[in-house]
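Containing CSV, C-alpha atoms: start.csv.
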chain,number,residue,atom,x,y,z
A,1,MET,CA,-8.8,11.9,-17.5
A,2,PRO,CA,-8.6,10.2,-20.9
A,3,THR,CA,-5.5,10.7,-22.9
A,4,PRO,CA,-5.8,14.0,-24.9
A,5,PRO,CA,-4.9,14.2,-28.6
A,6,TYR,CA,-1.2,13.8,-28.9
A,7,THR,CA,0.6,16.8,-30.2
A,8,GLY,CA,4.2,15.8,-29.3
A,9,GLY,CA,6.2,15.9,-26.1
A,10,VAL,CA,5.1,15.0,-22.6
A,11,LEU,CA,1.4,15.3,-21.9
A,12,PRO,CA,0.4,18.1,-19.5
A,13,GLY,CA,0.2,16.6,-16.0
A,14,ALA,CA,2.6,13.7,-16.8
A,15,GLU,CA,5.8,15.6,-16.0
A,16,PRO,CA,8.3,14.3,-13.4
A,17,ILE,CA,7.7,15.6,-9.8
A,18,ASP,CA,10.6,16.9,-7.6
A,19,LEU,CA,9.6,18.6,-4.4
A,20,PRO,CA,12.6,19.6,-2.2
A,21,GLY,CA,12.3,19.2,1.6
A,22,GLY,CA,14.1,17.8,4.6
A,23,PRO,CA,16.7,15.1,5.0
A,24,VAL,CA,14.2,12.2,4.6
A,25,GLY,CA,13.1,11.4,1.0
A,26,VAL,CA,10.3,9.6,-0.6
A,27,LEU,CA,10.4,8.1,-4.1
A,28,LEU,CA,7.0,7.6,-5.7
A,29,SER,CA,6.3,5.4,-8.8
A,30,HIS,CA,3.2,5.6,-11.0
A,31,GLY,CA,1.7,2.5,-12.6
A,32,PHE,CA,1.5,0.8,-16.0
A,33,THR,CA,0.2,3.1,-18.7
A,34,GLY,CA,-0.4,5.8,-16.1
A,35,THR,CA,1.5,9.0,-15.3
A,36,THR,CA,2.7,11.1,-12.3
A,37,GLN,CA,-0.8,12.7,-12.3
A,38,SER,CA,-1.8,9.7,-10.1
A,39,MET,CA,1.0,10.5,-7.7
A,40,ARG,CA,0.8,14.3,-7.5
A,41,PRO,CA,-1.7,14.6,-4.6
A,42,TRP,CA,0.3,12.0,-2.6
A,43,ALA,CA,3.6,13.7,-3.4
A,44,GLU,CA,2.2,17.1,-2.3
A,45,HIS,CA,0.8,15.7,0.9
A,46,LEU,CA,4.2,14.2,1.9
A,47,ALA,CA,6.1,17.3,0.8
A,48,ALA,CA,3.8,19.5,2.9
A,49,ALA,CA,5.0,17.5,5.9
A,50,GLY,CA,8.6,18.4,5.2
A,51,LEU,CA,9.8,15.4,3.2
A,52,THR,CA,11.8,15.6,0.0
A,53,VAL,CA,9.7,13.9,-2.7
A,54,SER,CA,10.5,12.6,-6.2
A,55,ALA,CA,8.3,10.9,-8.8
A,56,PRO,CA,9.9,10.2,-12.2
A,57,ARG,CA,8.0,9.7,-15.4
A,58,LEU,CA,8.7,6.2,-16.4
A,59,PRO,CA,10.0,5.6,-20.0
A,60,GLY,CA,7.3,5.3,-22.6
A,61,HIS,CA,4.6,6.8,-20.4
A,62,GLY,CA,3.0,10.2,-20.6
A,63,THR,CA,3.3,10.6,-24.3
A,64,ARG,CA,1.5,8.1,-26.6
A,65,TRP,CA,0.9,4.4,-26.1
A,66,GLN,CA,3.0,3.5,-29.1
A,67,ASP,CA,6.1,4.8,-27.3
A,68,MET,CA,5.5,2.4,-24.5
A,69,ASN,CA,5.7,-0.6,-26.8
A,70,ALA,CA,9.3,0.2,-27.4
A,71,THR,CA,10.1,0.0,-23.6
A,72,ARG,CA,10.5,-2.9,-21.2
A,73,PHE,CA,10.4,-3.6,-17.5
A,74,SER,CA,14.2,-3.0,-17.4
A,75,ASP,CA,13.7,0.5,-18.7
A,76,TRP,CA,11.1,1.4,-16.1
A,77,TYR,CA,13.1,-0.1,-13.3
A,78,GLY,CA,16.2,1.7,-14.6
A,79,GLU,CA,14.6,5.1,-14.4
A,80,LEU,CA,13.2,4.4,-10.9
A,81,GLU,CA,16.6,3.3,-9.7
A,82,ARG,CA,18.2,6.4,-11.3
A,83,ALA,CA,15.8,8.6,-9.4
A,84,PHE,CA,16.4,6.6,-6.2
A,85,THR,CA,20.2,7.1,-6.5
A,86,ASP,CA,19.7,10.8,-7.0
A,87,LEU,CA,17.4,11.0,-4.0
A,88,ARG,CA,19.8,9.0,-1.8
A,89,ALA,CA,22.6,11.6,-2.7
A,90,ARG,CA,20.3,14.3,-1.4
A,91,CYS,CA,18.7,12.7,1.7
A,92,ASP,CA,19.8,10.8,4.8
A,93,SER,CA,17.2,8.1,4.2
A,94,VAL,CA,14.8,7.2,1.4
A,95,PHE,CA,11.4,5.5,1.5
A,96,VAL,CA,9.9,4.1,-1.8
A,97,MET,CA,6.2,3.9,-2.6
A,98,GLY,CA,4.3,2.9,-5.7
A,99,LEU,CA,0.9,2.2,-7.2
A,100,SER,CA,0.1,-0.9,-9.3
A,101,MET,CA,3.2,-1.6,-11.5
A,102,GLY,CA,4.8,1.2,-9.5
A,103,GLY,CA,4.4,-1.1,-6.5
A,104,THR,CA,6.0,-3.9,-8.4
A,105,LEU,CA,9.0,-1.7,-9.2
A,106,THR,CA,9.1,-0.6,-5.6
A,107,LEU,CA,9.3,-4.2,-4.5
A,108,ARG,CA,12.1,-4.9,-7.0
A,109,LEU,CA,14.1,-1.9,-5.8
A,110,ALA,CA,13.8,-3.1,-2.2
A,111,GLU,CA,15.0,-6.6,-3.3
A,112,LEU,CA,18.0,-5.4,-5.1
A,113,ARG,CA,19.1,-2.6,-2.8
A,114,PRO,CA,17.9,-3.8,0.6
A,115,ASP,CA,20.5,-2.0,2.7
A,116,GLU,CA,19.5,1.4,1.2
A,117,VAL,CA,15.7,1.4,1.2
A,118,ALA,CA,14.3,2.6,4.6
A,119,GLY,CA,10.8,1.2,4.0
A,120,ILE,CA,8.3,0.7,1.3
A,121,VAL,CA,4.6,1.3,0.8
A,122,VAL,CA,2.7,-0.4,-2.1
A,123,VAL,CA,-0.8,0.2,-3.3
A,124,ASN,CA,-2.4,-2.6,-5.4
A,125,ALA,CA,0.9,-3.9,-6.6
A,126,SER,CA,0.7,-6.3,-9.5
A,127,LEU,CA,2.5,-9.6,-9.3
A,128,ALA,CA,0.3,-12.1,-11.2
A,129,SER,CA,-2.9,-12.5,-13.2
A,130,GLU,CA,-5.4,-15.2,-13.8
A,131,ARG,CA,-7.2,-13.3,-16.6
A,132,LYS,CA,-7.4,-15.1,-19.9
A,133,ASP,CA,-6.6,-12.1,-22.0
A,134,VAL,CA,-3.5,-11.3,-20.0
A,135,LYS,CA,-2.3,-15.0,-20.2
A,136,LEU,CA,-2.8,-14.9,-23.9
A,137,ALA,CA,-0.9,-11.6,-24.3
A,138,PRO,CA,2.3,-13.2,-25.6
A,139,LEU,CA,0.4,-14.7,-28.5
A,140,ILE,CA,-1.9,-11.7,-29.1
A,141,SER,CA,1.1,-9.4,-29.1
A,142,LYS,CA,2.4,-11.1,-32.2
A,143,VAL,CA,-0.5,-10.0,-34.3
A,144,LEU,CA,-1.9,-6.9,-32.4
A,145,PRO,CA,-0.1,-3.9,-30.9
A,146,SER,CA,-2.6,-3.2,-28.2
A,147,MET,CA,-5.8,-4.1,-26.4
A,148,PRO,CA,-8.3,-1.8,-24.6
A,149,GLY,CA,-7.0,0.3,-21.8
A,150,ILE,CA,-7.1,-0.2,-18.0
A,151,GLY,CA,-6.9,3.4,-16.8
A,152,SER,CA,-9.3,5.3,-14.6
A,153,ASP,CA,-10.5,2.5,-12.4
A,154,VAL,CA,-11.7,5.0,-9.8
A,155,LYS,CA,-14.9,4.7,-7.7
A,156,LYS,CA,-15.0,8.4,-6.8
A,157,PRO,CA,-17.4,10.3,-9.1
A,158,GLY,CA,-15.8,12.9,-11.4
A,159,VAL,CA,-12.2,11.7,-11.0
A,160,GLU,CA,-10.3,10.4,-14.0
A,161,GLU,CA,-6.7,9.2,-14.3
A,162,LEU,CA,-4.4,10.5,-17.0
A,163,ALA,CA,-3.5,7.2,-18.7
A,164,TYR,CA,-3.4,5.6,-22.1
A,165,ASP,CA,-6.7,4.4,-23.5
A,166,LYS,CA,-4.8,1.3,-24.8
A,167,VAL,CA,-2.6,-1.3,-23.3
A,168,PRO,CA,0.6,-1.8,-25.3
A,169,LEU,CA,0.9,-5.5,-25.6
A,170,LYS,CA,4.7,-5.9,-26.0
A,171,ALA,CA,5.1,-3.8,-22.9
A,172,LEU,CA,2.5,-5.9,-21.0
A,173,VAL,CA,4.4,-9.1,-22.0
A,174,SER,CA,7.5,-7.6,-20.5
A,175,LEU,CA,5.7,-6.9,-17.2
A,176,GLN,CA,4.4,-10.5,-17.2
A,177,LYS,CA,7.9,-11.8,-17.5
A,178,ALA,CA,9.1,-9.7,-14.6
A,179,TRP,CA,6.4,-10.9,-12.2
A,180,PRO,CA,7.9,-14.3,-11.4
A,181,VAL,CA,11.3,-12.8,-11.0
A,182,VAL,CA,10.0,-10.3,-8.4
A,183,ARG,CA,7.9,-12.9,-6.6
A,184,ALA,CA,10.9,-15.2,-6.3
A,185,ASP,CA,13.0,-12.5,-4.6
A,186,LEU,CA,10.4,-11.2,-2.1
A,187,HIS,CA,12.3,-12.9,0.7
A,188,LYS,CA,15.2,-10.5,0.0
A,189,ILE,CA,13.3,-7.5,1.3
A,190,THR,CA,14.5,-6.6,4.8
A,191,CYS,CA,12.9,-3.2,5.3
A,192,PRO,CA,9.4,-2.6,6.8
A,193,VAL,CA,6.5,-2.9,4.3
A,194,LEU,CA,3.1,-1.4,4.3
A,195,VAL,CA,0.6,-2.9,1.9
A,196,TYR,CA,-2.6,-1.2,0.8
A,197,ARG,CA,-5.1,-3.3,-1.2
A,198,SER,CA,-8.5,-2.3,-2.5
A,199,SER,CA,-11.2,-4.7,-1.7
A,200,VAL,CA,-12.7,-4.1,-5.2
A,201,ASP,CA,-10.1,-3.8,-7.9
A,202,HIS,CA,-10.9,-4.2,-11.6
A,203,VAL,CA,-7.3,-4.2,-12.7
A,204,VAL,CA,-5.1,-6.1,-10.3
A,205,GLU,CA,-6.7,-9.3,-9.0
A,206,PRO,CA,-6.6,-10.7,-5.5
A,207,ILE,CA,-4.0,-13.3,-6.5
A,208,SER,CA,-1.4,-10.5,-6.5
A,209,GLY,CA,-2.2,-9.6,-2.9
A,210,ARG,CA,-2.0,-13.2,-1.8
A,211,VAL,CA,1.3,-14.0,-3.4
A,212,LEU,CA,2.8,-10.7,-2.0
A,213,LEU,CA,1.9,-11.5,1.6
A,214,GLN,CA,3.1,-15.1,1.2
A,215,GLY,CA,6.4,-13.9,-0.2
A,216,LEU,CA,6.9,-11.4,2.6
A,217,ALA,CA,5.9,-13.8,5.4
A,218,GLY,CA,8.3,-13.5,8.3
A,219,GLY,CA,9.2,-9.9,7.6
A,220,THR,CA,7.9,-6.7,9.0
A,221,VAL,CA,4.7,-6.3,6.9
A,222,GLU,CA,1.2,-4.9,7.5
A,223,GLU,CA,-1.7,-5.1,5.0
A,224,ARG,CA,-4.5,-2.5,5.2
A,225,VAL,CA,-7.6,-3.0,3.1
A,226,LEU,CA,-9.2,-0.1,1.3
A,227,GLU,CA,-13.0,-0.5,1.3
A,228,ASP,CA,-14.1,2.6,-0.7
A,229,SER,CA,-11.7,2.7,-3.6
A,230,TYR,CA,-11.0,0.8,-6.9
A,231,HIS,CA,-7.6,0.3,-8.4
A,232,VAL,CA,-6.3,3.9,-8.7
A,233,ALA,CA,-6.7,4.4,-4.9
A,234,THR,CA,-4.3,7.3,-4.8
A,235,LEU,CA,-7.0,9.4,-6.6
A,236,ASP,CA,-10.0,7.7,-5.0
A,237,ASN,CA,-12.1,8.0,-1.8
A,238,ASP,CA,-9.4,6.3,0.3
A,239,ALA,CA,-6.6,8.6,-0.9
A,240,PRO,CA,-6.4,10.5,2.4
A,241,THR,CA,-6.1,7.2,4.3
A,242,ILE,CA,-3.1,6.3,2.1
A,243,PHE,CA,-1.5,9.7,2.4
A,244,GLU,CA,-1.8,9.9,6.2
A,245,GLY,CA,-0.9,6.2,6.7
A,246,SER,CA,2.2,6.4,4.6
A,247,LEU,CA,3.3,9.6,6.4
A,248,GLU,CA,2.8,7.9,9.8
A,249,PHE,CA,4.8,5.0,8.4
A,250,VAL,CA,7.7,7.3,7.6
A,251,ARG,CA,7.5,8.9,11.0
A,252,THR,CA,7.6,5.6,12.7
A,253,HIS,CA,10.6,4.2,10.8
A,254,ALA,CA,12.5,7.5,10.5
A,255,PRO,CA,11.3,9.5,13.6
A,256,ALA,CA,13.2,12.6,12.6
A,257,ALA,CA,11.4,12.7,9.3
A,258,ALA,CA,8.6,15.1,10.0
A,259,SER,CA,7.0,16.8,12.9
Write-out of the structure in structure tokens:
Amino acid sequence: MPTPPYTGGVLPGAEPIDLPGGPVGVLLSHGFTGTTQSMRPWAEHLAAAGLTVSAPRLPGHGTRWQDMNATRFSDWYGELERAFTDLRARCDSVFVMGLSMGGTLTLRLAELRPDEVAGIVVVNASLASERKDVKLAPLISKVLPSMPGIGSDVKKPGVEELAYDKVPLKALVSLQKAWPVVRADLHKITCPVLVYRSSVDHVVEPISGRVLLQGLAGGTVEERVLEDSYHVATLDNDAPTIFEGSLEFVRTHAPAAAS
């Protein structure tokens, strides 16, 4: 859904998600310029299976795009880590899962807290770009505050993502700077990894998938290709595949998680 007119506060549908459940937790992270709306069906599916699920609203998201230009990757990561620490205090084990930049943040969390993350699932995680406009973002950001949005890349008819209709360029530059840092530390991830990648994605390019698998080589990693979804696959035709696959992943690596 396109961003509604801003009247102050958090947009309806962008609120943090907290669904209490059993002793195994799942932390979900939405993507760049997106909101928890893209996570809610996933969160509800996992919670229905008895898991404790949390999905924070990342700083600068879910209000107006101008707010996001005042935030950086460290702010988004800090909020996800805060939510992770909270979930760890409530659960015996915690899995982390994310879409797009949420996948990037998920990878970073698994790099920095390897002994605490039980496993991760990433969907179309962003780690690089070969697009000219993205490469020029550091220069463009000096004269323009934003460029056209990337939200609602969904194949399924009638489904729209609650996301900004503009990309805040200073925020994008911060994400760009984080990519090589995350890529360089992929070898530090010791937990099992499940990677979902859309075969057609108009936001995150194939190079991200390639560098992710290269960086994780030698670890416990599996890639599954989504043939009937675009970038926001958690709201698209393959959403049930992601939901069931991630639940089975949790059951495999934390057998007492859900019956």
Within 12 Å of file point (13.5, 5.6, -8.5), counting all atoms listed in the file, expressed as a count of residues only: 44
Considering all atoms listed in the file, return as a tab-separated table (two decimals) with C-alpha atoms, keeping the file's coordinate frame whatever protein or nucleic-acid residues lie within 7 Å of region 220-223 of chain A, sequence-local ones (same chain, fewer than 4 positions apart) excluded.
chain	number	residue	atom	x	y	z
A	192	PRO	CA	9.40	-2.60	6.80
A	193	VAL	CA	6.50	-2.90	4.30
A	194	LEU	CA	3.10	-1.40	4.30
A	195	VAL	CA	0.60	-2.90	1.90
A	196	TYR	CA	-2.60	-1.20	0.80
Nearest to Arg210 (chain A) by atom-to-atom distance, counting all atoms listed in the file, from A:Val10, A:Ala128, A:Val134, A:Ala239: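 When distances to Arg210 (chain A) are compared using all atoms listed in the file, the smallest one comes from A:Ala128.
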A:Val154, A:Ala89, A:Val225, A:Leu172 ranked by distance to Glu116 (chain A), top pick (using all atoms listed in the file):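 Of the candidates, the smallest distance to Glu116 (chain A) is held by A:Ala89.
Summary of the local environment: counting only C-alpha atoms, residues at most 10 Å from Ala178 (chain A), other than itself and those fewer than 3 positions away along its chain, are Arg72, Phe73, Ser74, Thr104, Leu105, Arg108, Leu127, Ala128, Leu172, Val173, Ser174, Leu175, Val181, Val182 and Arg183 of chain A.
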Within 9 Å of file point (-1.6, -3.4, -2.3), counting all atoms listed in the file, expressed as a list in words: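 Within 9 Å of (-1.6, -3.4, -2.3), the protein and nucleic acid residues are Leu99, Ser100, Gly103, Val121, Val122, Val123, Asn124, Ala125, Ser126, Leu194, Val195, Tyr196, Arg197, Ser198, Ser208, Gly209, Leu212, Glu223, Arg224 and Val225 of chain A.
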Å distance separating CA of Asp238 (chain A) from CA of Leu226 (chain A), one decimal place: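 So the two atoms, CA of Asp238 (chain A) and CA of Leu226 (chain A), lie 6.5 Å apart.
Taking CA of Gly22 (chain A) and CA of Thr36 (chain A) as endpoints, the distance between them is 21.5 Å.
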Shell of 12 Å around Gly9 (chain A), only C-alpha atoms, local chain residues under 5 positions omitted, as a PyMOL selection string: chain A and resi 14-15+60-64+67
Length of the CA of Gly245 (chain A) to CA of Ser129 (chain A) vector [Å]: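 That distance, rounded to one decimal, is 27.4 Å.
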Minimum-distance residue to Pro148 (chain A), chosen among A:Val167, A:Val203, A:Leu213, A:Val24 (using all atoms listed in the file):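 Using all atoms listed in the file, Pro148 (chain A) sits closest to A:Val167.
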Distance criterion (all atoms listed in the file): nearest to Gly50 (chain A) out of A:Leu112, A:Asn69, A:Pro23, A:Phe32: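 Closest residue, counting all atoms listed in the file: A:Pro23.
Residues with any atom within 9 Å of Asp228 (chain A), counting only C-alpha atoms and excluding same-chain neighbours fewer than 5 positions away, are Lys155, Lys156, Ser198, Ser199, Val200, Ala233, Asp236, Asn237 and Asp238 of chain A.
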Nearest to His231 (chain A), chosen from A:Asp115, A:Glu244, A:Glu130, A:Asp153, with all atoms listed in the file counted in the distances: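 Comparing A:Asp115, A:Glu244, A:Glu130, A:Asp153 against His231 (chain A), the winner is A:Asp153.
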Long-range neighbours of Glu161 (chain A) as an MDAnalysis selection string, 9 Å cut-off, all atoms listed in the file, 2 positions minimum in chain: chainID A and resid 1:3 34:35 37:38 151:154 159 163 232 235
Since the input lacks atoms, please generate N, CA and C atoms for region 28-43 of chain A and provide them as a PDB file, in the frame of the given file.
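Below is the file part.pdb, written as the result:
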ATOM      1  N   LEU A  28       8.301   8.099  -5.307  1.00  0.00           N
ATOM      2  CA  LEU A  28       7.000   7.600  -5.700  1.00  0.00           C
ATOM      3  C   LEU A  28       7.039   7.077  -7.142  1.00  0.00           C
ATOM      4  N   SER A  29       6.348   5.976  -7.407  1.00  0.00           N
ATOM      5  CA  SER A  29       6.300   5.400  -8.800  1.00  0.00           C
ATOM      6  C   SER A  29       4.849   5.224  -9.211  1.00  0.00           C
ATOM      7  N   HIS A  30       4.522   5.787 -10.373  1.00  0.00           N
ATOM      8  CA  HIS A  30       3.200   5.600 -11.000  1.00  0.00           C
ATOM      9  C   HIS A  30       3.105   4.205 -11.605  1.00  0.00           C
ATOM     10  N   GLY A  31       1.928   3.889 -12.113  1.00  0.00           N
ATOM     11  CA  GLY A  31       1.700   2.500 -12.600  1.00  0.00           C
ATOM     12  C   GLY A  31       1.763   2.382 -14.121  1.00  0.00           C
ATOM     13  N   PHE A  32       1.445   1.183 -14.568  1.00  0.00           N
ATOM     14  CA  PHE A  32       1.500   0.800 -16.000  1.00  0.00           C
ATOM     15  C   PHE A  32       0.485   1.538 -16.804  1.00  0.00           C
ATOM     16  N   THR A  33       0.948   2.200 -17.817  1.00  0.00           N
ATOM     17  CA  THR A  33       0.200   3.100 -18.700  1.00  0.00           C
ATOM     18  C   THR A  33      -0.277   4.362 -18.079  1.00  0.00           C
ATOM     19  N   GLY A  34       0.032   4.558 -16.797  1.00  0.00           N
ATOM     20  CA  GLY A  34      -0.400   5.800 -16.100  1.00  0.00           C
ATOM     21  C   GLY A  34       0.681   6.851 -16.139  1.00  0.00           C
ATOM     22  N   THR A  35       0.539   7.858 -15.282  1.00  0.00           N
ATOM     23  CA  THR A  35       1.500   9.000 -15.300  1.00  0.00           C
ATOM     24  C   THR A  35       1.636   9.478 -13.818  1.00  0.00           C
ATOM     25  N   THR A  36       2.485  10.468 -13.656  1.00  0.00           N
ATOM     26  CA  THR A  36       2.700  11.100 -12.300  1.00  0.00           C
ATOM     27  C   THR A  36       1.465  11.818 -11.857  1.00  0.00           C
ATOM     28  N   GLN A  37       0.477  12.034 -12.716  1.00  0.00           N
ATOM     29  CA  GLN A  37      -0.800  12.700 -12.300  1.00  0.00           C
ATOM     30  C   GLN A  37      -1.415  11.889 -11.130  1.00  0.00           C
ATOM     31  N   SER A  38      -1.266  10.561 -11.152  1.00  0.00           N
ATOM     32  CA  SER A  38      -1.800   9.700 -10.100  1.00  0.00           C
ATOM     33  C   SER A  38      -1.028   9.795  -8.807  1.00  0.00           C
ATOM     34  N   MET A  39       0.158  10.365  -8.875  1.00  0.00           N
ATOM     35  CA  MET A  39       1.000  10.500  -7.700  1.00  0.00           C
ATOM     36  C   MET A  39       1.058  11.886  -7.122  1.00  0.00           C
ATOM     37  N   ARG A  40       0.639  12.883  -7.882  1.00  0.00           N
ATOM     38  CA  ARG A  40       0.800  14.300  -7.500  1.00  0.00           C
ATOM     39  C   ARG A  40       0.164  14.610  -6.115  1.00  0.00           C
ATOM     40  N   PRO A  41      -1.101  14.243  -5.879  1.00  0.00           N
ATOM     41  CA  PRO A  41      -1.700  14.600  -4.600  1.00  0.00           C
ATOM     42  C   PRO A  41      -0.934  13.925  -3.407  1.00  0.00           C
ATOM     43  N   TRP A  42      -0.498  12.708  -3.607  1.00  0.00           N
ATOM     44  CA  TRP A  42       0.300  12.000  -2.600  1.00  0.00           C
ATOM     45  C   TRP A  42       1.614  12.709  -2.368  1.00  0.00           C
ATOM     46  N   ALA A  43       2.285  13.059  -3.469  1.00  0.00           N
ATOM     47  CA  ALA A  43       3.600  13.700  -3.400  1.00  0.00           C
ATOM     48  C   ALA A  43       3.435  15.074  -2.635  1.00  0.00           C
TER      49      ALA A  43
END
